$ cat my_file-v5.txt   # compact mmCIF, C-alpha atoms and all ligand atoms
# COMPACT_ATOMS: atom_id res chain seq x y z
CA MET A 520 4.57 -29.20 20.28
CA LYS A 521 0.92 -29.81 19.40
CA LYS A 522 -0.21 -28.57 22.82
CA TYR A 523 1.94 -25.49 22.38
CA THR A 524 0.34 -24.78 18.99
CA LEU A 525 -3.15 -25.22 20.42
CA LEU A 526 -2.37 -22.83 23.28
CA LEU A 527 -1.07 -20.26 20.84
CA PHE A 528 -4.19 -20.59 18.73
CA ILE A 529 -6.39 -20.06 21.79
CA LEU A 530 -4.33 -17.00 22.67
CA VAL A 531 -4.74 -15.62 19.16
CA PHE A 532 -8.47 -16.31 19.33
CA LEU A 533 -8.76 -14.49 22.66
CA ILE A 534 -6.88 -11.49 21.27
CA PHE A 535 -9.24 -11.54 18.31
CA CYS A 536 -12.30 -11.58 20.59
CA SER A 537 -10.98 -8.64 22.60
CA LYS A 538 -10.19 -6.70 19.41
CA LYS A 539 -13.71 -7.34 18.12
CA GLU A 540 -15.12 -5.77 21.29
CA ASP A 541 -12.90 -2.74 20.74
CA ASN A 542 -14.22 -2.46 17.22
CA ILE A 543 -17.79 -2.58 18.41
CA LYS A 544 -17.13 0.33 20.77
CA LEU A 545 -15.37 2.28 18.05
CA ASN A 546 -17.98 1.58 15.41
CA PRO A 547 -21.37 2.58 16.76
CA VAL A 548 -24.09 2.35 14.12
CA GLU A 549 -24.75 6.10 14.34
CA GLU A 550 -21.32 6.70 12.82
CA ASN A 551 -22.64 5.33 9.53
CA THR A 552 -22.78 8.62 7.74
CA GLY A 553 -23.41 7.35 4.22
CA LYS A 554 -21.00 10.04 3.05
CA ASN A 555 -19.52 7.78 0.42
CA ILE A 556 -16.15 9.55 0.31
CA ASN A 557 -13.24 7.54 -1.03
CA ILE A 558 -9.47 7.85 -1.22
CA ILE A 559 -7.27 5.80 -3.52
CA PHE A 560 -3.61 6.26 -2.59
CA LEU A 561 -1.18 4.87 -5.17
CA ILE A 562 2.48 4.60 -4.18
CA GLY A 563 5.13 3.93 -6.80
CA ASP A 564 7.86 2.68 -4.52
CA GLY A 565 11.10 4.46 -5.47
CA MET A 566 9.34 6.53 -8.14
CA GLY A 567 10.89 9.92 -8.85
CA LEU A 568 10.49 12.36 -11.75
CA ALA A 569 13.08 10.65 -13.97
CA GLN A 570 11.28 7.29 -13.68
CA ILE A 571 8.03 9.01 -14.73
CA THR A 572 9.72 10.89 -17.57
CA ALA A 573 11.29 7.70 -18.93
CA ALA A 574 7.99 5.80 -18.85
CA ARG A 575 6.26 8.72 -20.57
CA THR A 576 8.92 8.81 -23.30
CA ILE A 577 8.67 5.12 -24.19
CA ASN A 578 4.86 5.32 -24.08
CA ASN A 579 4.37 7.94 -26.80
CA ASP A 580 4.46 10.84 -24.32
CA GLN A 581 1.39 9.53 -22.51
CA LEU A 582 0.80 8.37 -18.96
CA ASN A 583 -2.34 8.13 -16.86
CA ILE A 584 -0.44 9.80 -14.00
CA LEU A 585 -0.28 12.93 -16.17
CA ARG A 586 -4.09 13.19 -16.25
CA CYS A 587 -3.82 14.79 -12.80
CA LYS A 588 -3.92 18.58 -12.86
CA ASN A 589 -2.92 19.31 -9.26
CA ILE A 590 0.76 18.60 -8.66
CA GLY A 591 2.81 18.90 -5.47
CA ILE A 592 6.23 17.99 -4.16
CA GLN A 593 7.00 16.10 -0.97
CA SER A 594 10.06 15.67 1.20
CA THR A 595 10.79 12.10 2.27
CA HIS A 596 13.60 12.08 4.86
CA ALA A 597 13.30 9.93 8.00
CA ALA A 598 13.49 11.25 11.58
CA ASP A 599 16.98 9.84 12.09
CA LYS A 600 18.36 9.63 8.54
CA TYR A 601 18.58 11.90 5.51
CA ILE A 602 17.89 8.98 3.15
CA THR A 603 14.76 7.10 4.18
CA ASP A 604 13.66 3.49 3.83
CA SER A 605 10.07 2.59 2.86
CA GLY A 606 9.19 1.82 6.50
CA ALA A 607 9.90 5.33 7.79
CA SER A 608 8.58 7.22 4.76
CA VAL A 609 5.34 5.26 4.42
CA THR A 610 4.77 5.48 8.20
CA ALA A 611 5.07 9.27 7.85
CA MET A 612 2.48 9.30 5.06
CA ALA A 613 0.17 6.76 6.71
CA CYS A 614 0.41 8.00 10.32
CA GLY A 615 1.54 11.65 10.15
CA GLN A 616 4.80 11.41 12.11
CA LYS A 617 8.43 11.24 11.02
CA THR A 618 9.97 8.12 12.46
CA ASN A 619 13.17 6.09 12.46
CA TYR A 620 14.71 4.09 9.66
CA TYR A 621 13.47 0.46 9.42
CA THR A 622 10.46 1.00 11.70
CA ILE A 623 6.75 0.80 10.75
CA GLY A 624 3.70 2.30 12.46
CA VAL A 625 5.60 3.47 15.55
CA ASP A 626 6.93 6.87 16.65
CA VAL A 627 10.60 7.65 17.32
CA ASN A 628 10.24 6.12 20.80
CA GLY A 629 8.74 2.89 19.48
CA ASN A 630 5.14 3.66 20.54
CA PRO A 631 2.37 2.58 18.14
CA ILE A 632 0.77 5.40 16.13
CA THR A 633 -2.58 5.23 14.36
CA SER A 634 -2.71 5.11 10.57
CA ILE A 635 -5.29 6.58 8.22
CA LEU A 636 -6.35 3.01 7.34
CA GLU A 637 -6.97 2.23 11.02
CA LEU A 638 -8.96 5.47 11.40
CA ALA A 639 -11.00 4.56 8.32
CA GLU A 640 -11.80 1.16 9.84
CA GLU A 641 -12.75 2.79 13.16
CA HIS A 642 -15.17 5.09 11.32
CA GLY A 643 -16.87 2.21 9.53
CA LEU A 644 -15.29 2.66 6.10
CA SER A 645 -14.00 -0.27 4.06
CA THR A 646 -10.28 -0.58 3.40
CA GLY A 647 -8.04 -2.31 0.88
CA LEU A 648 -4.32 -2.96 0.35
CA ILE A 649 -2.76 -4.06 -2.94
CA THR A 650 0.95 -4.60 -3.61
CA THR A 651 3.31 -6.25 -6.09
CA SER A 652 5.52 -7.11 -3.09
CA HIS A 653 4.53 -9.39 -0.23
CA ILE A 654 1.63 -8.07 1.81
CA VAL A 655 3.75 -7.88 4.99
CA ASP A 656 6.44 -5.72 3.36
CA ALA A 657 7.06 -2.22 4.72
CA THR A 658 4.79 -0.16 2.46
CA PRO A 659 1.50 -2.02 3.04
CA ALA A 660 2.53 -2.91 6.62
CA ALA A 661 2.97 0.75 7.63
CA PHE A 662 -0.81 1.10 7.22
CA TYR A 663 -1.75 -1.70 9.64
CA ALA A 664 1.25 -2.89 11.72
CA HIS A 665 3.33 -1.44 14.54
CA GLN A 666 6.87 -2.82 14.76
CA ASP A 667 10.23 -1.26 15.57
CA ASP A 668 11.78 -3.74 13.11
CA ARG A 669 10.14 -3.85 9.68
CA PHE A 670 11.53 -7.32 8.99
CA GLN A 671 9.41 -9.03 11.70
CA TYR A 672 7.25 -10.45 8.92
CA GLU A 673 5.56 -13.15 11.01
CA GLN A 674 4.56 -10.60 13.66
CA ILE A 675 3.32 -8.27 10.94
CA ALA A 676 1.18 -11.07 9.43
CA LEU A 677 -0.32 -11.66 12.87
CA GLU A 678 -1.24 -7.98 13.06
CA LEU A 679 -2.87 -8.02 9.63
CA ILE A 680 -5.32 -10.82 10.35
CA PHE A 681 -6.97 -8.75 13.12
CA LYS A 682 -7.30 -5.51 11.14
CA ASP A 683 -10.51 -6.30 9.25
CA VAL A 684 -9.05 -5.00 5.97
CA GLU A 685 -11.83 -5.92 3.51
CA PHE A 686 -9.60 -6.60 0.51
CA PHE A 687 -5.91 -7.35 0.38
CA LEU A 688 -3.71 -8.72 -2.39
CA GLY A 689 0.01 -9.43 -2.53
CA GLY A 690 2.65 -12.12 -2.08
CA GLY A 691 3.99 -13.59 1.15
CA GLN A 692 1.60 -16.44 1.88
CA LYS A 693 4.48 -18.27 3.60
CA TYR A 694 4.41 -15.76 6.48
CA PHE A 695 0.87 -16.98 7.17
CA ASP A 696 1.10 -20.75 6.72
CA GLN A 697 4.78 -21.73 7.02
CA ARG A 698 5.57 -19.99 10.27
CA THR A 699 8.24 -20.74 12.86
CA ASP A 700 5.56 -20.65 15.60
CA GLY A 701 3.52 -23.35 13.78
CA LEU A 702 0.39 -21.18 13.59
CA ASN A 703 -1.70 -21.35 10.42
CA LEU A 704 -2.99 -17.83 9.85
CA ILE A 705 -4.77 -18.86 6.65
CA ASP A 706 -7.10 -20.92 8.84
CA SER A 707 -7.45 -17.90 11.12
CA LEU A 708 -8.35 -15.64 8.19
CA ILE A 709 -11.02 -18.13 7.08
CA SER A 710 -12.43 -18.33 10.59
CA PHE A 711 -12.55 -14.51 10.65
CA GLY A 712 -14.77 -14.55 7.57
CA TYR A 713 -12.22 -14.16 4.79
CA LEU A 714 -12.32 -15.85 1.44
CA VAL A 715 -8.65 -16.81 0.89
CA VAL A 716 -7.61 -17.43 -2.72
CA GLN A 717 -4.55 -17.29 -4.97
CA SER A 718 -5.91 -15.33 -7.92
CA LEU A 719 -8.56 -12.74 -8.73
CA ASP A 720 -10.50 -15.27 -10.88
CA GLN A 721 -11.14 -17.41 -7.80
CA LEU A 722 -13.06 -14.64 -6.01
CA TYR A 723 -16.80 -14.93 -5.50
CA GLY A 724 -19.43 -13.49 -3.14
CA ASN A 725 -18.86 -10.39 -1.07
CA ASN A 726 -16.84 -11.69 1.89
CA LYS A 727 -13.64 -10.02 2.97
CA ALA A 728 -11.01 -11.18 0.47
CA ALA A 729 -7.36 -12.19 0.97
CA ILE A 730 -5.57 -12.89 -2.31
CA PHE A 731 -2.07 -14.34 -2.08
CA ILE A 732 -0.47 -14.16 -5.52
CA ALA A 733 2.83 -15.73 -4.35
CA GLU A 734 4.33 -17.79 -1.55
CA ASP A 735 7.03 -15.15 -1.23
CA LYS A 736 7.76 -12.30 -3.66
CA PRO A 737 5.44 -11.94 -6.68
CA LEU A 738 6.98 -12.28 -10.15
CA LYS A 739 8.31 -9.34 -12.11
CA TYR A 740 5.97 -8.04 -14.82
CA LEU A 741 8.60 -9.15 -17.36
CA GLU A 742 8.51 -12.68 -15.90
CA GLY A 743 4.77 -13.04 -16.48
CA ARG A 744 3.04 -11.52 -13.44
CA GLY A 745 0.34 -10.36 -15.84
CA ASP A 746 -2.08 -7.50 -15.24
CA VAL A 747 -2.93 -8.47 -11.67
CA LEU A 748 -2.04 -5.00 -10.35
CA SER A 749 -4.43 -3.02 -12.57
CA ASN A 750 -7.09 -5.76 -12.53
CA SER A 751 -7.02 -5.89 -8.73
CA VAL A 752 -7.67 -2.15 -8.55
CA THR A 753 -10.87 -2.64 -10.58
CA VAL A 754 -11.96 -5.64 -8.50
CA ALA A 755 -11.12 -3.98 -5.18
CA ILE A 756 -13.04 -0.81 -6.07
CA ALA A 757 -16.11 -2.83 -7.13
CA ARG A 758 -16.13 -4.56 -3.72
CA LEU A 759 -15.16 -1.62 -1.51
CA LYS A 760 -17.64 0.85 -3.01
CA GLU A 761 -20.49 -1.29 -1.68
CA ASN A 762 -19.83 0.39 1.67
CA LYS A 763 -21.85 3.61 1.49
CA ASP A 764 -19.63 5.27 4.10
CA GLY A 765 -16.73 5.12 1.65
CA PHE A 766 -13.37 3.41 1.42
CA PHE A 767 -9.62 3.84 1.66
CA LEU A 768 -7.55 1.84 -0.83
CA MET A 769 -3.73 1.77 -0.97
CA VAL A 770 -2.07 0.43 -4.13
CA GLU A 771 1.68 -0.11 -4.32
CA GLY A 772 3.85 -0.56 -7.41
CA ALA A 773 6.57 -2.15 -5.30
CA GLN A 774 8.95 -3.37 -7.97
CA ILE A 775 9.72 0.08 -9.40
CA ASP A 776 12.01 0.22 -6.34
CA TRP A 777 13.44 -3.27 -6.89
CA ALA A 778 14.20 -2.51 -10.55
CA CYS A 779 16.07 0.67 -9.56
CA GLU A 780 17.97 -1.20 -6.84
CA ASP A 781 18.98 -3.66 -9.59
CA ASN A 782 19.91 -0.69 -11.85
CA ASP A 783 17.80 -2.42 -14.51
CA GLN A 784 16.04 0.04 -16.82
CA GLU A 785 14.07 -2.54 -18.81
CA TYR A 786 12.66 -3.97 -15.55
CA LEU A 787 11.95 -0.42 -14.31
CA LEU A 788 10.01 0.66 -17.41
CA ALA A 789 7.84 -2.48 -17.42
CA GLU A 790 6.97 -1.90 -13.74
CA MET A 791 6.31 1.81 -14.34
CA LEU A 792 3.85 1.11 -17.17
CA ASP A 793 2.16 -1.61 -15.10
CA PHE A 794 1.78 0.84 -12.20
CA ASP A 795 0.46 3.50 -14.57
CA ARG A 796 -2.25 1.13 -15.85
CA ALA A 797 -3.33 0.69 -12.22
CA VAL A 798 -3.40 4.49 -11.88
CA GLY A 799 -5.60 4.58 -14.99
CA LYS A 800 -8.16 2.24 -13.39
CA ALA A 801 -8.28 4.40 -10.26
CA LEU A 802 -8.68 7.61 -12.26
CA ASP A 803 -11.39 6.10 -14.50
CA PHE A 804 -13.41 5.25 -11.39
CA ALA A 805 -12.78 8.65 -9.79
CA GLU A 806 -13.86 10.44 -12.97
CA GLU A 807 -17.14 8.54 -13.03
CA ASP A 808 -17.73 8.61 -9.26
CA GLY A 809 -16.96 12.27 -8.53
CA ASN A 810 -16.48 11.60 -4.79
CA THR A 811 -13.08 9.96 -4.96
CA LEU A 812 -9.74 11.59 -4.26
CA VAL A 813 -6.82 9.89 -6.05
CA ILE A 814 -3.25 10.59 -4.93
CA ILE A 815 -0.20 9.20 -6.72
CA THR A 816 3.32 9.58 -5.35
CA GLY A 817 6.55 7.78 -4.47
CA ASP A 818 7.81 7.11 -0.94
CA HIS A 819 11.36 8.19 -2.02
CA GLU A 820 13.45 8.00 -5.16
CA THR A 821 15.58 4.90 -5.78
CA GLY A 822 18.74 4.48 -7.83
CA GLY A 823 19.57 8.12 -8.51
CA TYR A 824 18.11 7.44 -11.93
CA ALA A 825 18.87 10.08 -14.57
CA LEU A 826 18.02 10.44 -18.24
CA LEU A 827 21.15 10.82 -20.36
CA ASP A 828 19.59 10.62 -23.80
CA GLY A 829 16.32 9.77 -25.51
CA ASP A 830 14.38 9.84 -28.77
CA LEU A 831 10.78 11.05 -28.88
CA THR A 832 10.21 9.61 -32.36
CA ALA A 833 11.62 6.17 -31.64
CA ASN A 834 10.19 6.24 -28.08
CA THR A 835 13.49 5.26 -26.49
CA VAL A 836 15.43 6.48 -23.47
CA GLU A 837 18.92 5.98 -22.21
CA GLY A 838 19.11 6.26 -18.45
CA GLY A 839 21.83 5.77 -15.88
CA PHE A 840 21.84 4.95 -12.16
CA MET A 841 24.02 6.57 -9.48
CA THR A 842 23.47 3.98 -6.76
CA ILE A 843 21.72 0.72 -5.82
CA GLN A 844 20.23 2.53 -2.80
CA HIS A 845 17.44 5.02 -2.22
CA THR A 846 18.19 8.72 -2.70
CA GLY A 847 17.10 11.89 -0.90
CA SER A 848 15.54 14.00 -3.65
CA LEU A 849 12.07 15.48 -3.36
CA VAL A 850 9.39 13.39 -5.11
CA PRO A 851 6.32 14.52 -7.07
CA VAL A 852 2.71 14.16 -5.91
CA PHE A 853 -0.15 13.94 -8.42
CA ALA A 854 -3.69 14.59 -7.19
CA TYR A 855 -7.08 14.14 -8.83
CA GLY A 856 -10.65 14.70 -7.70
CA PRO A 857 -12.36 16.71 -4.95
CA GLY A 858 -9.81 18.04 -2.46
CA SER A 859 -6.91 17.52 -4.86
CA GLU A 860 -6.01 21.23 -4.71
CA GLU A 861 -4.93 20.64 -1.09
CA PHE A 862 -2.00 18.58 -2.37
CA THR A 863 -0.24 21.32 -4.36
CA GLY A 864 2.88 23.06 -3.03
CA ILE A 865 5.90 21.67 -1.21
CA TYR A 866 5.44 19.79 2.05
CA GLU A 867 6.74 17.02 4.31
CA ASN A 868 5.47 13.46 3.79
CA THR A 869 3.68 13.67 7.17
CA GLU A 870 1.09 16.00 5.57
CA PHE A 871 -0.69 13.18 3.73
CA PHE A 872 -2.15 11.76 6.95
CA TYR A 873 -3.62 15.12 8.02
CA LYS A 874 -4.94 15.97 4.56
CA PHE A 875 -6.55 12.52 4.25
CA LYS A 876 -8.07 12.88 7.73
CA GLU A 877 -9.53 16.23 6.83
CA TYR A 878 -10.90 14.93 3.53
CA PHE A 879 -12.64 12.05 5.31
CA GLY A 880 -13.84 14.42 8.05
CA PHE A 881 -12.33 12.34 10.91
ZN ZN B 901 10.23 2.48 -0.75
$ encode --input "my_file-v5.txt" --output "structure tokens" --more "lines below"
Ligand SMILES: [Zn+2]
Amino acid sequence: MKKYTLLLFILVFLIFCSKKEDNIKLNPVEENTGKNINIIFLIGDGMGLAQITAARTINNDQLNILRCKNIGIQSTHAADKYITDSGASVTAMACGQKTNYYTIGVDVNGNPITSILELAEEHGLSTGLITTSHIVDATPAAFYAHQDDRFQYEQIALELIFKDVEFFLGGGQKYFDQRTDGLNLIDSLISFGYLVVQSLDQLYGNNKAAIFIAEDKPLKYLEGRGDVLSNSVTVAIARLKENKDGFFLMVEGAQIDWACEDNDQEYLLAEMLDFDRAVGKALDFAEEDGNTLVIITGDHETGGYALLDGDLTANTVEGGFMTIQHTGSLVPVFAYGPGSEEFTGIYENTEFFYKFKEYFGF
């Protein structure tokens, strides 16, 4: 068994070396443009208009999301299904192609397709991924992994360690250090120059940072997760903006979806307000920076959530759910900053990739 583990480690190391060479070819120094153009892409998983309306109502009619002046609408269906999963819809946004249900980062034939995060890395920008789910779950994974089965978490973890993402935060440490193949990918991350920690307070220096906030799924906000989502946006931006070529940062409010699947409004509203605080941090930076495009959207609606009654004085809402599944309705897109006017209108979720590419000038 030990020999087998050692052989696997050597194999991983060799793959790493070959990838590094690829990166060198793709990242010639002359590509350092110093353009300092940034995109912060915030995805409220399962977030439709009713979820936003409810959060606004209980929060005195105010949300950071509503600071955006350019509003669009996107269509989320998968290539092979009217109602999408996060794998297919986030792949469409990240890579620009409609694909099949339960796949990530591959086309309808199972061939890998390049994401905007991978393009950003190739062009010398810094990248970051933040989620309140585990870091190998479909939404973050669609930006860096290529699997025809989104539940291959150990494979997905193996893909992440080679991607050179400068900052990532989420749960799922067990897919790195308690693996069926016996590999310890935490050791690999450290050997690849990462600082690996379990909370934002433990960060120091300016190495690449991997923050695992849970062995498996992170806590709900109501269970005491704290403000790690909004705080991590501030910390990630401070680190990523050091790269004068710019950065791409994806932030996911993952448990909006889980709350709707549980048909639990109290859980939903806590996750919505937590996500909105993260949006606020991104918008504050964009306002000050002037070179940052911020996009906020959902990957689909979840729960068929509808508002049945409410009280604007008491700041209360009474909502109901149609289903414990995702639904097929169009979802809103909120855009802020230079280029945000490109995100108005009604379009397919594949458009994000092309609009992002154009904004970066790739
Ligand atoms: Zn989703």
$ atom_distance --input "my_file-v5.txt" --atom1 "CA of Gln581 (chain A)" --atom2 "CA of Thr842 (chain A)"
27.7 Å
$ residues_near_ligand --input "my_file-v5.txt" --ligand "ligand ZN 901 (chain B)" --cutoff "10 Å" --atoms "only C-alpha atoms and all ligand atoms" --output "list in words"
Ile562, Gly563, Asp564, Gly565, Met566, Thr603, Asp604, Ser605, Gly606, Ala607, Ser608, Val609, Asp656, Ala657, Thr658, Glu771, Gly772, Ala773, Gln774, Ile775, Asp776, Trp777, Gly817, Asp818, His819, Glu820, Thr821 and His845 of chain A
$ closest_residue --input "my_file-v5.txt" --among "A:Phe681, A:Phe862, A:Phe881, A:Tyr723" --to "Ser710 (chain A)" --atoms "only C-alpha atoms"
A:Phe681
$ atom_distance --input "my_file-v5.txt" --atom1 "CA of Thr863 (chain A)" --atom2 "CA of Ile590 (chain A)"
5.2 Å
$ residues_around --input "my_file-v5.txt" --residues "Leu638 (chain A)" --least-positions-apart "6" --cutoff "12 Å" --atoms "all atoms listed in the file" --output "ChimeraX atom specification"
/A:542,545-546,613-614,632,644-646,662-663,682,684,766-767,872-873,875-877,879-881
$ atom_distance --input "my_file-v5.txt" --atom1 "CA of Glu860 (chain A)" --atom2 "CA of Asn589 (chain A)"
5.8 Å
$ residues_around --input "my_file-v5.txt" --residues "Gly858 (chain A)" --least-positions-apart "6" --cutoff "9 Å" --atoms "only C-alpha atoms" --output "MDAnalysis selection string"
chainID A and resid 812 874 878
$ closest_atom_pairs --input "my_file-v5.txt" --of "region 643-701 of chain A" --to "region 742-745 of chain A" --cutoff "12 Å" --atoms "only C-alpha atoms" --output "CSV"
residue,atom,partner,partner_atom,distance
A:Thr651,CA,A:Arg744,CA,9.0
A:Ser652,CA,A:Arg744,CA,11.5
A:Gly689,CA,A:Arg744,CA,11.5
A:Gly690,CA,A:Arg744,CA,11.4
